[in-house]
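Taking it in order: structure first as structure tokens, then the write-up.
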Amino acid sequence: MKLDSKIVKAHANGRWSAIITTLTPRLAQTVERGKRHGPCPLCEGKDRARCHNDFNDTGGIICNQCGGGADGLAVLMWANSWTFPETLEAVANYLGLTDSTFQAPHQHTPRSQSNKGWKRESRGVLAIWEGATPNHPRLNEYLEYRGLSTTPPDALRLHPSLEYWYEGKSYGKFACMVARIIKEGELVGIHRTFLDPDGPGKAPVMKPKLSKKCADTMSGGSIRLFEPEADKPLVLCEGIESSLAVYEITGFPVWSCINSTMLEIVVL
């Protein structure tokens with residue numbers, strides 16, 4: 001079976017917690033801690049290892065001493081001393097992927113809502129976007145807190161009050177930085193960064209950064225912070241804040257692809 005890393009990653013998205021704790025049990029405590037620093041089971045440092053903010057989507061873990069990996073495949077190679085093919089095969093086997101998964105991905109019928117359902121989701125996403133304000137003072141405050149001085153581009157807006165849901169439970173309403181996710185000129189989703197009502201940073205919730213799709217998939221989409229320019233290269237980054245930092249340093253137009261998985265499959 002010939003394995004395609006992009007397809008394996010797409011199927012692993014959202015499942016890295018279970019994948020890594022199963023294939024590398026000694027990382028279980030690191031996974032359980034999430035973003036909190038703690039002991040590294042590899043180099044035995046006391047306060048060095050933690051999961052990336054988007055861990056369950058990408059599988060990334062970092063150790064300030066011995067490395068880690070930007071995504072789940074890299075983490076498994078690091079922790080188990082596996083080769084890339086060995087890692088890919090182990091993850092594919094865990095996910096139960098078969099030859100047909102790789103031979104004819106275009107024939108795969110994704111779990112999807114009806115067209116009517118996606119139209120409803122699109123209306124909801126558009127309502128969020130249209131209810132948000134560009135260049136809002138709270139938006140500037142958050143970006144300044146993150147060390148950025150760039151005036152927020154029109155691609156970013158501030159919504160005054162969005163309800164935060166996590167695992168079926170509401171945790172109240174928060175101001176929110178919102179950004180449209182675009183693929184080939186079409187709106188496929190919206191990215192939300194929930195903000196702290198009592199401080200300049202992110203809201204004190206489990207996952208302050210969430211994406212909401214309004215199409216079968218957001219794969220290939222990106223947040224187009226700045227439009228391409230004929231005489232400058234287009235830079236692709238992961239997060240919004242890192243994208244803005246690159247823009248400040250280089251002046252090049254930048255798109256945020258949200259995470260490393262989407263960065264690999266972005267449609268230009």
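FYI, nothing fancy with the structure tokens labels: chains A, B, ... in order, residues from 1 per chain, ligands from 1 as they appear.
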Region 187-267 of chain A: residues DSSP assigns to strand (DSSP E), reported as a PyMOL selection string:
chain A and resi 187-194+209-213+235-237+254-256
For the selection just defined, write its residues with C-alpha atoms to a file, as an mmCIF file, in the first residue's frame.
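What ended up in selection.cif:
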```
data_model
loop_
_atom_site.group_PDB
_atom_site.id
_atom_site.type_symbol
_atom_site.label_atom_id
_atom_site.label_comp_id
_atom_site.auth_asym_id
_atom_site.auth_seq_id
_atom_site.Cartn_x
_atom_site.Cartn_y
_atom_site.Cartn_z
ATOM 1 C CA LEU A 187 -16.271 31.271 1.966
ATOM 2 C CA VAL A 188 -15.696 27.860 3.614
ATOM 3 C CA GLY A 189 -15.515 28.869 7.273
ATOM 4 C CA ILE A 190 -14.657 31.399 9.913
ATOM 5 C CA HIS A 191 -11.868 31.452 12.502
ATOM 6 C CA ARG A 192 -12.580 32.820 15.971
ATOM 7 C CA THR A 193 -10.187 33.905 18.721
ATOM 8 C CA PHE A 194 -12.147 34.421 21.942
ATOM 9 C CA LYS A 209 -9.146 29.546 19.016
ATOM 10 C CA LEU A 210 -11.816 27.700 17.045
ATOM 11 C CA SER A 211 -12.822 27.355 13.415
ATOM 12 C CA LYS A 212 -16.384 26.890 12.166
ATOM 13 C CA LYS A 213 -16.956 25.503 8.683
ATOM 14 C CA VAL A 235 4.154 34.118 2.278
ATOM 15 C CA LEU A 236 2.170 31.251 3.810
ATOM 16 C CA CYS A 237 2.202 30.832 7.602
ATOM 17 C CA VAL A 254 0.825 36.929 4.009
ATOM 18 C CA TRP A 255 -1.919 34.323 4.306
ATOM 19 C CA SER A 256 -2.615 32.399 7.503
#
```
Next item on the list: Please identify all polymer residues within 8 Å of region 69-76 of chain A, counting only C-alpha atoms, omitting same-chain residues fewer than 2 positions from it, and present them as a PyMOL selection string.
Entry: chain A and resi 16+20+23-24+58-62+67+78-82+84+87-88+260
With only C-alpha atoms counted and 10 Å as the cut-off, give the residues of region 215-264 of chain A in contact with region 148-153 of chain A, each with its shortest interatomic distance in Å and the pair that gives it, as JSON lines.
```
{"residue": "A:Arg224", "atom": "CA", "partner": "A:Pro153", "partner_atom": "CA", "distance": 9.7}
{"residue": "A:Leu225", "atom": "CA", "partner": "A:Pro153", "partner_atom": "CA", "distance": 6.3}
{"residue": "A:Phe226", "atom": "CA", "partner": "A:Pro153", "partner_atom": "CA", "distance": 7.2}
{"residue": "A:Glu241", "atom": "CA", "partner": "A:Leu148", "partner_atom": "CA", "distance": 7.9}
{"residue": "A:Ser242", "atom": "CA", "partner": "A:Leu148", "partner_atom": "CA", "distance": 9.5}
{"residue": "A:Leu244", "atom": "CA", "partner": "A:Leu148", "partner_atom": "CA", "distance": 7.3}
{"residue": "A:Ala245", "atom": "CA", "partner": "A:Leu148", "partner_atom": "CA", "distance": 6.6}
{"residue": "A:Tyr247", "atom": "CA", "partner": "A:Thr150", "partner_atom": "CA", "distance": 8.4}
{"residue": "A:Glu248", "atom": "CA", "partner": "A:Thr150", "partner_atom": "CA", "distance": 6.6}
```
Can you list, as a PyMOL selection string, every protein, DNA or RNA residue that comes within 8 Å of Pro160 (chain A) when you count only C-alpha atoms, leaving out same-chain residues fewer than 4 positions away?
chain A and resi 132+174-176
